[in-house]
file input.txt (compact mmCIF, N, CA and C atoms)
# COMPACT_ATOMS: atom_id res chain seq x y z
N MET A 1 92.55 129.40 88.97
CA MET A 1 93.35 128.21 89.17
C MET A 1 92.42 127.04 89.42
N CYS A 2 92.73 125.91 88.88
CA CYS A 2 91.96 124.69 89.09
C CYS A 2 92.66 123.83 90.13
N LEU A 3 91.90 123.36 91.09
CA LEU A 3 92.45 122.53 92.14
C LEU A 3 91.79 121.17 92.14
N ALA A 4 92.54 120.18 92.58
CA ALA A 4 91.96 118.88 92.89
C ALA A 4 91.78 118.86 94.40
N ILE A 5 90.60 118.53 94.84
CA ILE A 5 90.26 118.57 96.26
C ILE A 5 90.17 117.13 96.78
N PRO A 6 90.78 116.88 97.97
CA PRO A 6 90.67 115.53 98.53
C PRO A 6 89.31 115.31 99.17
N GLY A 7 88.81 114.10 98.99
CA GLY A 7 87.55 113.71 99.60
C GLY A 7 87.58 112.23 99.93
N LYS A 8 86.66 111.82 100.78
CA LYS A 8 86.58 110.42 101.21
C LYS A 8 85.40 109.75 100.53
N ILE A 9 85.66 108.61 99.91
CA ILE A 9 84.60 107.86 99.23
C ILE A 9 83.66 107.26 100.28
N LYS A 10 82.37 107.60 100.16
CA LYS A 10 81.36 107.10 101.09
C LYS A 10 80.59 105.92 100.50
N SER A 11 80.39 105.91 99.19
CA SER A 11 79.70 104.79 98.54
C SER A 11 80.06 104.77 97.06
N ILE A 12 79.86 103.60 96.46
CA ILE A 12 80.16 103.43 95.03
C ILE A 12 78.98 102.71 94.39
N GLU A 13 78.61 103.15 93.20
CA GLU A 13 77.57 102.45 92.45
C GLU A 13 77.91 102.48 90.97
N SER A 14 77.36 101.52 90.25
CA SER A 14 77.50 101.49 88.80
C SER A 14 76.33 102.24 88.19
N GLN A 15 76.63 103.03 87.18
CA GLN A 15 75.59 103.78 86.48
C GLN A 15 75.71 103.50 84.99
N TYR A 16 74.72 103.96 84.26
CA TYR A 16 74.70 103.81 82.80
C TYR A 16 74.85 102.34 82.40
N ASP A 17 73.92 101.53 82.92
CA ASP A 17 73.90 100.09 82.64
C ASP A 17 75.20 99.40 83.03
N GLY A 18 75.79 99.83 84.13
CA GLY A 18 77.01 99.19 84.65
C GLY A 18 78.29 99.60 83.95
N MET A 19 78.20 100.59 83.10
CA MET A 19 79.37 100.99 82.32
C MET A 19 80.30 101.95 83.07
N VAL A 20 79.77 102.70 84.04
CA VAL A 20 80.55 103.72 84.72
C VAL A 20 80.43 103.55 86.24
N ARG A 21 81.59 103.55 86.90
CA ARG A 21 81.60 103.51 88.37
C ARG A 21 81.61 104.95 88.88
N MET A 22 80.61 105.26 89.72
CA MET A 22 80.50 106.58 90.31
C MET A 22 80.53 106.45 91.82
N ALA A 23 81.16 107.44 92.47
CA ALA A 23 81.27 107.43 93.92
C ALA A 23 80.58 108.65 94.50
N LYS A 24 80.04 108.48 95.68
CA LYS A 24 79.62 109.61 96.50
C LYS A 24 80.85 109.93 97.35
N VAL A 25 81.37 111.16 97.21
CA VAL A 25 82.59 111.56 97.89
C VAL A 25 82.28 112.72 98.81
N SER A 26 82.72 112.61 100.06
CA SER A 26 82.49 113.65 101.05
C SER A 26 83.68 114.59 101.10
N PHE A 27 83.38 115.88 100.96
CA PHE A 27 84.37 116.94 101.04
C PHE A 27 84.01 117.82 102.23
N GLY A 28 84.47 117.44 103.40
CA GLY A 28 84.18 118.27 104.57
C GLY A 28 82.71 118.48 104.83
N GLY A 29 81.90 117.48 104.63
CA GLY A 29 80.48 117.58 104.92
C GLY A 29 79.61 117.76 103.70
N ILE A 30 80.16 118.17 102.59
CA ILE A 30 79.42 118.28 101.34
C ILE A 30 79.70 117.03 100.52
N THR A 31 78.66 116.38 100.04
CA THR A 31 78.84 115.16 99.26
C THR A 31 78.53 115.45 97.80
N LYS A 32 79.44 115.01 96.95
CA LYS A 32 79.30 115.18 95.51
C LYS A 32 79.58 113.84 94.84
N GLU A 33 79.13 113.71 93.60
CA GLU A 33 79.45 112.52 92.81
C GLU A 33 80.75 112.73 92.05
N ALA A 34 81.50 111.66 91.92
CA ALA A 34 82.74 111.71 91.14
C ALA A 34 82.90 110.39 90.39
N SER A 35 83.38 110.48 89.19
CA SER A 35 83.67 109.30 88.38
C SER A 35 84.92 108.61 88.91
N LEU A 36 84.88 107.28 88.93
CA LEU A 36 86.04 106.48 89.34
C LEU A 36 86.70 105.79 88.16
N GLU A 37 86.41 106.24 86.96
CA GLU A 37 86.94 105.58 85.78
C GLU A 37 88.46 105.59 85.71
N MET A 38 89.10 106.59 86.26
CA MET A 38 90.57 106.63 86.25
C MET A 38 91.18 105.84 87.41
N LEU A 39 90.33 105.41 88.36
CA LEU A 39 90.81 104.68 89.54
C LEU A 39 89.99 103.41 89.76
N PRO A 40 90.18 102.41 88.92
CA PRO A 40 89.36 101.21 89.03
C PRO A 40 89.53 100.46 90.34
N ASP A 41 90.63 100.70 91.07
CA ASP A 41 90.84 100.00 92.34
C ASP A 41 90.38 100.81 93.54
N ALA A 42 89.80 102.00 93.34
CA ALA A 42 89.30 102.80 94.46
C ALA A 42 88.14 102.09 95.14
N ASP A 43 88.07 102.25 96.47
CA ASP A 43 87.05 101.56 97.25
C ASP A 43 86.49 102.50 98.31
N VAL A 44 85.37 102.12 98.89
CA VAL A 44 84.76 102.89 99.97
C VAL A 44 85.78 103.07 101.09
N GLY A 45 85.89 104.29 101.59
CA GLY A 45 86.84 104.60 102.65
C GLY A 45 88.14 105.20 102.15
N ASP A 46 88.42 105.04 100.86
CA ASP A 46 89.64 105.63 100.29
C ASP A 46 89.49 107.14 100.19
N TYR A 47 90.62 107.83 100.29
CA TYR A 47 90.67 109.26 100.01
C TYR A 47 91.16 109.42 98.58
N VAL A 48 90.48 110.30 97.84
CA VAL A 48 90.84 110.53 96.45
C VAL A 48 90.92 112.03 96.18
N LEU A 49 91.73 112.40 95.21
CA LEU A 49 91.75 113.78 94.73
C LEU A 49 90.77 113.87 93.58
N VAL A 50 89.85 114.83 93.67
CA VAL A 50 88.81 114.98 92.65
C VAL A 50 89.01 116.31 91.94
N HIS A 51 89.03 116.24 90.62
CA HIS A 51 89.15 117.42 89.78
C HIS A 51 88.03 117.39 88.75
N VAL A 52 87.23 118.42 88.71
CA VAL A 52 86.08 118.56 87.82
C VAL A 52 85.24 117.27 87.72
N GLY A 53 84.94 116.69 88.87
CA GLY A 53 84.06 115.53 88.91
C GLY A 53 84.69 114.20 88.61
N VAL A 54 86.02 114.16 88.52
CA VAL A 54 86.71 112.91 88.23
C VAL A 54 87.76 112.67 89.31
N ALA A 55 87.73 111.50 89.93
CA ALA A 55 88.77 111.12 90.89
C ALA A 55 90.02 110.79 90.09
N ILE A 56 91.10 111.56 90.33
CA ILE A 56 92.29 111.42 89.50
C ILE A 56 93.43 110.67 90.18
N SER A 57 93.39 110.57 91.51
CA SER A 57 94.41 109.78 92.20
C SER A 57 93.96 109.49 93.63
N LYS A 58 94.51 108.42 94.17
CA LYS A 58 94.26 108.10 95.57
C LYS A 58 95.34 108.77 96.41
N VAL A 59 94.97 109.20 97.61
CA VAL A 59 95.92 109.75 98.57
C VAL A 59 95.64 109.12 99.92
N ASP A 60 96.65 109.13 100.78
CA ASP A 60 96.39 108.60 102.11
C ASP A 60 95.73 109.68 102.97
N GLU A 61 95.20 109.28 104.10
CA GLU A 61 94.46 110.19 104.96
C GLU A 61 95.33 111.36 105.42
N GLU A 62 96.59 111.09 105.72
CA GLU A 62 97.50 112.15 106.17
C GLU A 62 97.67 113.22 105.09
N GLU A 63 97.84 112.80 103.84
CA GLU A 63 97.99 113.76 102.75
C GLU A 63 96.69 114.56 102.55
N ALA A 64 95.55 113.90 102.67
CA ALA A 64 94.27 114.60 102.55
C ALA A 64 94.14 115.66 103.65
N GLN A 65 94.54 115.32 104.86
CA GLN A 65 94.46 116.27 105.97
C GLN A 65 95.40 117.45 105.75
N LYS A 66 96.61 117.19 105.24
CA LYS A 66 97.55 118.28 104.95
C LYS A 66 96.97 119.24 103.91
N THR A 67 96.36 118.67 102.89
CA THR A 67 95.78 119.50 101.83
C THR A 67 94.64 120.35 102.37
N PHE A 68 93.76 119.74 103.19
CA PHE A 68 92.67 120.51 103.78
C PHE A 68 93.20 121.62 104.67
N LYS A 69 94.24 121.35 105.42
CA LYS A 69 94.84 122.37 106.30
C LYS A 69 95.36 123.53 105.45
N TYR A 70 96.05 123.22 104.36
CA TYR A 70 96.57 124.25 103.47
C TYR A 70 95.42 125.07 102.87
N LEU A 71 94.38 124.39 102.39
CA LEU A 71 93.25 125.10 101.81
C LEU A 71 92.56 125.99 102.83
N GLU A 72 92.51 125.53 104.08
CA GLU A 72 91.94 126.36 105.14
C GLU A 72 92.79 127.62 105.35
N GLU A 73 94.10 127.45 105.37
CA GLU A 73 95.01 128.57 105.60
C GLU A 73 94.90 129.64 104.51
N ILE A 74 94.65 129.23 103.27
CA ILE A 74 94.56 130.21 102.19
C ILE A 74 93.12 130.65 101.93
N GLY A 75 92.20 130.19 102.78
CA GLY A 75 90.82 130.65 102.68
C GLY A 75 90.02 130.06 101.55
N GLU A 76 90.34 128.85 101.14
CA GLU A 76 89.64 128.22 100.02
C GLU A 76 88.63 127.16 100.44
N LEU A 77 88.24 127.15 101.72
CA LEU A 77 87.27 126.15 102.17
C LEU A 77 85.92 126.78 102.46
N GLY A 78 85.68 127.96 101.95
CA GLY A 78 84.46 128.70 102.25
C GLY A 78 83.17 127.95 101.97
N ASP A 79 83.12 127.12 100.94
CA ASP A 79 81.90 126.41 100.60
C ASP A 79 81.75 125.08 101.31
N LEU A 80 82.76 124.66 102.01
CA LEU A 80 82.71 123.36 102.68
C LEU A 80 82.26 123.53 104.13
N GLU A 81 81.57 122.51 104.64
CA GLU A 81 81.10 122.51 106.01
C GLU A 81 81.76 121.36 106.75
N ASP A 82 81.84 121.48 108.05
CA ASP A 82 82.33 120.39 108.91
C ASP A 82 83.69 119.87 108.46
N VAL A 83 84.62 120.76 108.19
CA VAL A 83 85.94 120.32 107.73
C VAL A 83 86.81 119.82 108.87
N ASP A 84 86.36 119.99 110.11
CA ASP A 84 87.18 119.58 111.25
C ASP A 84 87.59 118.12 111.20
N GLU A 85 86.73 117.25 110.65
CA GLU A 85 87.06 115.83 110.59
C GLU A 85 88.25 115.56 109.66
N TYR A 86 88.55 116.48 108.77
CA TYR A 86 89.65 116.30 107.82
C TYR A 86 90.94 116.95 108.27
N LEU A 87 90.83 117.93 109.17
CA LEU A 87 92.02 118.69 109.57
C LEU A 87 92.81 117.92 110.62
N PRO A 88 94.13 118.08 110.62
CA PRO A 88 94.95 117.39 111.63
C PRO A 88 94.56 117.82 113.03
N LYS A 89 94.61 116.90 113.95
CA LYS A 89 94.30 117.19 115.35
C LYS A 89 95.50 117.90 115.97
N THR A 90 95.20 118.93 116.77
CA THR A 90 96.28 119.65 117.45
C THR A 90 96.14 119.45 118.95
N ASP A 91 97.25 119.51 119.65
CA ASP A 91 97.26 119.36 121.10
C ASP A 91 97.34 120.73 121.74
N ASN A 92 96.21 121.42 121.83
CA ASN A 92 96.16 122.75 122.44
C ASN A 92 95.78 122.65 123.88

call {"tool": "encode", "arguments": {"input": "input.txt", "output": "structure tokens"}}
result
Amino acid sequence: MCLAIPGKIKSIESQYDGMVRMAKVSFGGITKEASLEMLPDADVGDYVLVHVGVAISKVDEEEAQKTFKYLEEIGELGDLEDVDEYLPKTDN
């Protein structure tokens, strides 16, 4: 199954002589590059869903946290580190 994973944009730069906008996106402590070509209005601090290296939609922080919680519950966060910043806070 292919999933789109939520991540937070940490920085944006133009590559390939300014033709392509690329973002550094943090996924629970792991940072990867993602193309912003489908989201020309994406900005630093936005949460985006990334699928195979392409940011395909913007989501709000609450939705990103819900998705991370679900992925944690089904055991799909094994490769990610420091996911606590993305998970909803609980009052234990």

call {"tool": "atom_distance", "arguments": {"input": "input.txt", "atom1": "atom N of Ala42 (chain A)", "atom2": "atom C of Tyr16 (chain A)"}}
result
18.5 Å

call {"tool": "closest_residue", "arguments": {"input": "input.txt", "among": "A:Asp43, A:Met38, A:His51, A:Gly29", "to": "Glu13 (chain A)", "atoms": "only C-alpha atoms"}}
result
A:Asp43

call {"tool": "residues_around", "arguments": {"input": "input.txt", "residues": "Gln15 (chain A)", "least_positions_apart": "5", "cutoff": "12 Å", "atoms": "only C-alpha atoms", "output": "count of residues only"}}
result
9

call {"tool": "atom_distance", "arguments": {"input": "input.txt", "atom1": "CA of Met19 (chain A)", "atom2": "CA of Asp41 (chain A)"}}
result
15.3 Å

call {"tool": "residues_around", "arguments": {"input": "input.txt", "residues": "Ala64 (chain A)", "least_positions_apart": "4", "cutoff": "9 Å", "atoms": "only C-alpha atoms", "output": "list of chain:residue names"}}
result
A:Ile5, A:Pro6, A:Gly7, A:Lys8, A:Tyr47, A:Val48, A:Leu49, A:Val59, A:Asp60, A:Phe68, A:Lys69, A:Tyr86, A:Leu87

call {"tool": "closest_residue", "arguments": {"input": "input.txt", "among": "A:Ile9, A:Ile74, A:Ala4, A:Val25", "to": "Ile56 (chain A)", "atoms": "all atoms listed in the file"}}
result
A:Ala4

call {"tool": "atom_distance", "arguments": {"input": "input.txt", "atom1": "atom C of Leu39 (chain A)", "atom2": "atom N of Glu73 (chain A)"}}
result
29.0 Å
